[in-house]
Amino acid sequence: MVELKTPAEIERMAVTGRFVAEVLGELRERARVGVNLLELEAHVRERIRERGAVSCYWDYAPSFGRGPFRNTVCLSVNDAVLHGLPFDYALRDGDVLSIDLAVSLDGWVADSAITVIVGTAAEPDRRLVRATEDALAAAVAVAVPGNRVGDLSAAIAGVARAAGYPVNTEFGGHGLGRTMHEDPHIANQGRPGRGYPLRPGLTIAIEPWFAAGTDRIVTDPDGWTIRSADGSRTAHSEHTVAVTEDGPLVLTRAH
């Protein structure tokens, strides 16, 4: 069931979105060579506690994971791209780190992800990260009343194809609001003009993610961490977006 939000409810989600963007900005700065993933997890826990927010990941137990998830942020390194469990690992020069954060504040959720290259950035990794960012921007641009979910999916896939990256459709974007995952599902590949119609008040998480060499994924023995099947590098970008009469409103943009 899709729940359309009022302007007042969208503003409440925007408050959460600003907090998510703020914490992701802090993590971007903290993700340096030698920093342990568990230090980043500890920072997020403290920031959530200070703000009086609630982690959407803590105790998360969907059908596809080996729940419950007992961390507050997903940290995925190199060939890992989604649902990465923070573990005892010190970041190395050139690592590609995807950071995915979803929290609830006063009952309203925001969800966003960034990918950071630690230390020295290799050009192929820069291109991969940039492609997910460009795909996200392309999808946001068409998140307007009168379009459909397929227009978002086609925009993402178009950027991927132009950059030479395959697209996996098993995991993608989603509605959100009072909970982290609501309808509709937003695949990262689709046909323009198809799918659920975009109406004012729809709030969605758009999240393109690509692996450099494959559209196939594998899951670690931990039951959560998703990797590229061929071991190639991955990247992930995500924003929470509201569809409004005045155009798309990004609720998790850094200010």
# chains A, B, ... in the order shown; residues from 1 in each chain; ligands from 1
call {"tool": "closest_atom_pairs", "arguments": {"of": "segment 73-137 of chain A", "to": "segment 147-166 of chain A", "cutoff": "10 Å", "atoms": "only C-alpha atoms", "output": "JSON lines"}}
result
{"residue": "A:Arg127", "atom": "CA", "partner": "A:Ala163", "partner_atom": "CA", "distance": 8.2}
{"residue": "A:Leu128", "atom": "CA", "partner": "A:Ala163", "partner_atom": "CA", "distance": 8.3}
{"residue": "A:Arg130", "atom": "CA", "partner": "A:Ala163", "partner_atom": "CA", "distance": 9.7}
{"residue": "A:Ala131", "atom": "CA", "partner": "A:Ala160", "partner_atom": "CA", "distance": 6.7}
{"residue": "A:Thr132", "atom": "CA", "partner": "A:Ala160", "partner_atom": "CA", "distance": 7.9}
{"residue": "A:Glu133", "atom": "CA", "partner": "A:Val159", "partner_atom": "CA", "distance": 9.7}
{"residue": "A:Asp134", "atom": "CA", "partner": "A:Val159", "partner_atom": "CA", "distance": 7.0}
{"residue": "A:Ala135", "atom": "CA", "partner": "A:Ile156", "partner_atom": "CA", "distance": 4.6}
{"residue": "A:Leu136", "atom": "CA", "partner": "A:Ile156", "partner_atom": "CA", "distance": 6.7}
{"residue": "A:Ala137", "atom": "CA", "partner": "A:Ile156", "partner_atom": "CA", "distance": 8.7}
call {"tool": "select_by_dssp", "arguments": {"residues": "segment 128-247 of chain A", "states": "alpha helix (DSSP H)", "output": "PyMOL selection string"}}
result
chain A and resi 128-141+149-163
call {"tool": "write_last_selection", "arguments": {"atoms": "N, CA, C and O atoms", "output": "CSV table (one decimal), in the first residue's frame"}}
result
chain,number,residue,atom,x,y,z
A,128,LEU,N,33.3,4.7,-11.4
A,128,LEU,CA,32.2,3.9,-10.9
A,128,LEU,C,31.3,4.7,-9.9
A,128,LEU,O,30.1,4.7,-10.0
A,129,VAL,N,32.0,5.3,-9.0
A,129,VAL,CA,31.2,6.1,-8.0
A,129,VAL,C,30.5,7.2,-8.7
A,129,VAL,O,29.3,7.5,-8.4
A,130,ARG,N,31.1,7.9,-9.6
A,130,ARG,CA,30.5,9.0,-10.3
A,130,ARG,C,29.3,8.5,-11.1
A,130,ARG,O,28.2,9.2,-11.2
A,131,ALA,N,29.3,7.3,-11.6
A,131,ALA,CA,28.2,6.8,-12.4
A,131,ALA,C,27.0,6.6,-11.5
A,131,ALA,O,25.8,6.9,-11.9
A,132,THR,N,27.2,6.1,-10.3
A,132,THR,CA,26.0,5.9,-9.4
A,132,THR,C,25.5,7.3,-9.0
A,132,THR,O,24.2,7.5,-8.9
A,133,GLU,N,26.3,8.3,-8.8
A,133,GLU,CA,25.9,9.6,-8.5
A,133,GLU,C,25.1,10.3,-9.6
A,133,GLU,O,24.1,10.9,-9.5
A,134,ASP,N,25.6,10.1,-10.8
A,134,ASP,CA,25.0,10.6,-12.0
A,134,ASP,C,23.6,9.9,-12.3
A,134,ASP,O,22.6,10.5,-12.7
A,135,ALA,N,23.6,8.6,-12.0
A,135,ALA,CA,22.3,7.8,-12.2
A,135,ALA,C,21.3,8.3,-11.1
A,135,ALA,O,20.1,8.5,-11.5
A,136,LEU,N,21.7,8.6,-9.9
A,136,LEU,CA,20.8,9.1,-8.9
A,136,LEU,C,20.3,10.5,-9.3
A,136,LEU,O,19.1,10.7,-9.2
A,137,ALA,N,21.2,11.4,-9.8
A,137,ALA,CA,20.7,12.7,-10.3
A,137,ALA,C,19.7,12.6,-11.4
A,137,ALA,O,18.7,13.3,-11.5
A,138,ALA,N,20.0,11.6,-12.3
A,138,ALA,CA,19.1,11.5,-13.5
A,138,ALA,C,17.7,11.0,-13.1
A,138,ALA,O,16.7,11.4,-13.6
A,139,ALA,N,17.7,10.1,-12.1
A,139,ALA,CA,16.4,9.6,-11.6
A,139,ALA,C,15.6,10.7,-10.8
A,139,ALA,O,14.4,10.8,-11.0
A,140,VAL,N,16.4,11.4,-10.0
A,140,VAL,CA,15.7,12.5,-9.2
A,140,VAL,C,15.1,13.5,-10.2
A,140,VAL,O,14.0,14.0,-9.9
A,141,ALA,N,15.7,13.8,-11.3
A,141,ALA,CA,15.3,14.8,-12.2
A,141,ALA,C,13.9,14.4,-12.8
A,141,ALA,O,13.1,15.3,-13.2
A,149,VAL,N,7.1,5.1,-12.0
A,149,VAL,CA,8.3,4.5,-11.5
A,149,VAL,C,9.3,4.0,-12.6
A,149,VAL,O,10.5,4.1,-12.5
A,150,GLY,N,8.7,3.5,-13.7
A,150,GLY,CA,9.6,3.0,-14.8
A,150,GLY,C,10.4,4.1,-15.3
A,150,GLY,O,11.5,3.8,-15.9
A,151,ASP,N,10.0,5.3,-15.3
A,151,ASP,CA,10.8,6.4,-15.8
A,151,ASP,C,12.1,6.6,-14.9
A,151,ASP,O,13.2,6.9,-15.4
A,152,LEU,N,11.9,6.4,-13.6
A,152,LEU,CA,13.1,6.5,-12.7
A,152,LEU,C,14.0,5.3,-13.0
A,152,LEU,O,15.3,5.5,-13.1
A,153,SER,N,13.5,4.1,-13.1
A,153,SER,CA,14.3,2.9,-13.4
A,153,SER,C,15.0,3.1,-14.7
A,153,SER,O,16.2,2.7,-14.8
A,154,ALA,N,14.4,3.6,-15.7
A,154,ALA,CA,15.0,3.7,-17.0
A,154,ALA,C,16.1,4.8,-17.0
A,154,ALA,O,17.1,4.6,-17.7
A,155,ALA,N,15.9,5.8,-16.2
A,155,ALA,CA,16.9,6.9,-16.1
A,155,ALA,C,18.2,6.3,-15.5
A,155,ALA,O,19.3,6.6,-15.9
A,156,ILE,N,18.0,5.5,-14.4
A,156,ILE,CA,19.2,4.8,-13.8
A,156,ILE,C,19.9,3.9,-14.8
A,156,ILE,O,21.2,4.0,-14.9
A,157,ALA,N,19.2,3.0,-15.4
A,157,ALA,CA,19.8,2.1,-16.3
A,157,ALA,C,20.4,2.8,-17.5
A,157,ALA,O,21.5,2.3,-18.0
A,158,GLY,N,19.9,3.9,-18.0
A,158,GLY,CA,20.5,4.6,-19.1
A,158,GLY,C,21.9,5.1,-18.8
A,158,GLY,O,22.8,5.0,-19.6
A,159,VAL,N,22.1,5.6,-17.5
A,159,VAL,CA,23.4,6.1,-17.1
A,159,VAL,C,24.3,4.9,-17.0
A,159,VAL,O,25.5,4.9,-17.4
A,160,ALA,N,23.8,3.8,-16.5
A,160,ALA,CA,24.7,2.6,-16.3
A,160,ALA,C,25.2,2.1,-17.7
A,160,ALA,O,26.3,1.8,-17.9
A,161,ARG,N,24.2,2.0,-18.6
A,161,ARG,CA,24.6,1.5,-20.0
A,161,ARG,C,25.6,2.4,-20.6
A,161,ARG,O,26.6,2.0,-21.2
A,162,ALA,N,25.4,3.7,-20.5
A,162,ALA,CA,26.3,4.7,-21.1
A,162,ALA,C,27.7,4.6,-20.5
A,162,ALA,O,28.7,4.8,-21.2
A,163,ALA,N,27.8,4.2,-19.2
A,163,ALA,CA,29.1,4.1,-18.6
A,163,ALA,C,29.7,2.7,-18.7
A,163,ALA,O,30.8,2.4,-18.3
call {"tool": "closest_atom_pairs", "arguments": {"of": "segment 86-171 of chain A", "to": "segment 25-39 of chain A", "cutoff": "9 Å", "atoms": "only C-alpha atoms", "output": "CSV"}}
result
residue,atom,partner,partner_atom,distance
A:Pro86,CA,A:Leu37,CA,5.6
A:Phe87,CA,A:Leu38,CA,5.9
A:Asp88,CA,A:Leu38,CA,6.0
A:Tyr89,CA,A:Asn36,CA,5.3
A:Ala90,CA,A:Asn36,CA,4.1
A:Leu91,CA,A:Val33,CA,5.1
A:Arg92,CA,A:Val33,CA,5.0
A:Asp93,CA,A:Val33,CA,5.6
A:Gly94,CA,A:Val33,CA,8.6
A:Asp95,CA,A:Val33,CA,8.6
A:Leu97,CA,A:Ala31,CA,8.2
A:Ile99,CA,A:Leu27,CA,8.1
A:Ile114,CA,A:Arg28,CA,8.2
A:Thr115,CA,A:Arg28,CA,8.5
A:Val116,CA,A:Arg28,CA,6.5
A:Ile117,CA,A:Ala31,CA,8.5
A:Val118,CA,A:Arg32,CA,5.7
A:Gly119,CA,A:Val33,CA,6.3
call {"tool": "atom_distance", "arguments": {"atom1": "atom CA of Ala14 of chain A", "atom2": "atom CA of Ala235 of chain A"}}
result
24.8 Å
call {"tool": "residues_around", "arguments": {"residues": "segment 171-185 of chain A", "least_positions_apart": "2", "cutoff": "8 Å", "atoms": "only C-alpha atoms", "output": "list in words"}}
result
Met1, Val2, Lys5, Met13, Cys56, Ala102, Ser104, Gly107, Trp108, Val109, Ala110, Asp111, Asn168, Thr169, Ala187, Asn188, Tyr196, Leu202, Thr203, Ile204, Ala205, Ile206, Glu207, Pro208 and Trp209 of chain A
call {"tool": "atom_distance", "arguments": {"atom1": "atom CA of Tyr57 of chain A", "atom2": "atom CA of Thr72 of chain A"}}
result
5.5 Å
call {"tool": "closest_residue", "arguments": {"among": "A:Leu4, A:Val15, A:Ala61, A:Val103", "to": "Val44 of chain A", "atoms": "only C-alpha atoms"}}
result
A:Val103
call {"tool": "decode", "arguments": {"residues": "segment 4-18 of chain A", "atoms": "all heavy atoms", "output": "CSV table (one decimal), in the first residue's frame"}}
result
chain,number,residue,atom,x,y,z
A,4,LEU,N,0.5,8.5,0.6
A,4,LEU,CA,1.0,9.8,0.2
A,4,LEU,C,1.1,10.7,1.4
A,4,LEU,O,0.2,10.6,2.3
A,4,LEU,CB,0.0,10.4,-0.9
A,4,LEU,CG,-0.1,9.6,-2.2
A,4,LEU,CD1,-1.1,10.3,-3.1
A,4,LEU,CD2,1.2,9.4,-2.9
A,5,LYS,N,2.1,11.5,1.4
A,5,LYS,CA,2.4,12.4,2.6
A,5,LYS,C,1.9,13.8,2.4
A,5,LYS,O,1.9,14.3,1.2
A,5,LYS,CB,3.9,12.4,2.9
A,5,LYS,CG,4.6,11.0,2.9
A,5,LYS,CD,3.9,10.0,3.7
A,5,LYS,CE,4.8,8.7,3.9
A,5,LYS,NZ,5.0,8.0,2.6
A,6,THR,N,1.5,14.4,3.4
A,6,THR,CA,1.1,15.8,3.4
A,6,THR,C,2.3,16.7,3.4
A,6,THR,O,3.4,16.2,3.7
A,6,THR,CB,0.2,16.2,4.6
A,6,THR,OG1,1.0,16.2,5.8
A,6,THR,CG2,-1.0,15.3,4.7
A,7,PRO,N,2.3,18.0,2.9
A,7,PRO,CA,3.4,18.8,3.0
A,7,PRO,C,4.0,18.9,4.4
A,7,PRO,O,5.3,18.9,4.6
A,7,PRO,CB,2.9,20.2,2.6
A,7,PRO,CG,1.8,19.8,1.6
A,7,PRO,CD,1.1,18.6,2.2
A,8,ALA,N,3.2,18.9,5.5
A,8,ALA,CA,3.7,18.9,6.8
A,8,ALA,C,4.5,17.7,7.2
A,8,ALA,O,5.5,17.7,7.9
A,8,ALA,CB,2.5,19.1,7.8
A,9,GLU,N,4.0,16.5,6.7
A,9,GLU,CA,4.6,15.3,7.0
A,9,GLU,C,6.0,15.2,6.2
A,9,GLU,O,7.0,14.7,6.7
A,9,GLU,CB,3.7,14.1,6.6
A,9,GLU,CG,2.6,13.9,7.6
A,9,GLU,CD,1.5,13.0,7.1
A,9,GLU,OE1,1.4,12.7,5.9
A,9,GLU,OE2,0.8,12.4,7.9
A,10,ILE,N,6.0,15.7,5.0
A,10,ILE,CA,7.2,15.8,4.2
A,10,ILE,C,8.3,16.6,4.9
A,10,ILE,O,9.5,16.3,5.0
A,10,ILE,CB,7.0,16.3,2.8
A,10,ILE,CG1,6.2,15.2,2.0
A,10,ILE,CG2,8.3,16.6,2.1
A,10,ILE,CD1,5.7,15.7,0.6
A,11,GLU,N,7.8,17.7,5.5
A,11,GLU,CA,8.8,18.6,6.3
A,11,GLU,C,9.3,17.8,7.5
A,11,GLU,O,10.5,18.0,7.8
A,11,GLU,CB,8.1,19.9,6.7
A,11,GLU,CG,9.0,20.8,7.6
A,11,GLU,CD,10.4,21.0,7.0
A,11,GLU,OE1,10.5,21.2,5.7
A,11,GLU,OE2,11.4,21.1,7.7
A,12,ARG,N,8.5,17.0,8.1
A,12,ARG,CA,9.0,16.2,9.2
A,12,ARG,C,10.0,15.2,8.8
A,12,ARG,O,11.1,14.9,9.4
A,12,ARG,CB,7.9,15.5,10.0
A,12,ARG,CG,6.9,16.5,10.7
A,12,ARG,CD,5.8,15.8,11.4
A,12,ARG,NE,6.2,15.1,12.5
A,12,ARG,CZ,5.4,14.4,13.3
A,12,ARG,NH1,4.1,14.3,13.0
A,12,ARG,NH2,5.8,13.7,14.3
A,13,MET,N,9.8,14.6,7.6
A,13,MET,CA,10.8,13.7,7.0
A,13,MET,C,12.1,14.5,6.7
A,13,MET,O,13.2,13.9,6.8
A,13,MET,CB,10.2,13.0,5.8
A,13,MET,CG,9.2,12.0,6.1
A,13,MET,SD,8.5,11.2,4.6
A,13,MET,CE,10.0,10.3,4.0
A,14,ALA,N,11.9,15.7,6.2
A,14,ALA,CA,13.1,16.5,5.9
A,14,ALA,C,14.0,16.8,7.1
A,14,ALA,O,15.2,16.9,7.0
A,14,ALA,CB,12.7,17.8,5.3
A,15,VAL,N,13.4,16.9,8.3
A,15,VAL,CA,14.2,17.1,9.5
A,15,VAL,C,15.0,15.8,9.7
A,15,VAL,O,16.2,15.9,10.0
A,15,VAL,CB,13.2,17.3,10.7
A,15,VAL,CG1,14.0,17.3,12.0
A,15,VAL,CG2,12.5,18.6,10.6
A,16,THR,N,14.4,14.7,9.6
A,16,THR,CA,15.2,13.4,9.7
A,16,THR,C,16.3,13.4,8.6
A,16,THR,O,17.4,13.0,8.8
A,16,THR,CB,14.3,12.2,9.5
A,16,THR,OG1,13.2,12.3,10.4
A,16,THR,CG2,15.0,10.9,9.9
A,17,GLY,N,15.9,13.8,7.4
A,17,GLY,CA,16.8,13.8,6.2
A,17,GLY,C,18.0,14.6,6.5
A,17,GLY,O,19.2,14.3,6.1
A,18,ARG,N,17.8,15.8,7.1
A,18,ARG,CA,19.0,16.7,7.4
A,18,ARG,C,19.9,16.0,8.4
A,18,ARG,O,21.2,16.2,8.3
A,18,ARG,CB,18.5,18.0,7.9
A,18,ARG,CG,17.8,18.9,6.8
A,18,ARG,CD,17.6,20.3,7.2
A,18,ARG,NE,16.4,20.4,8.1
A,18,ARG,CZ,15.2,20.6,7.7
A,18,ARG,NH1,14.9,20.6,6.4
A,18,ARG,NH2,14.2,20.7,8.6
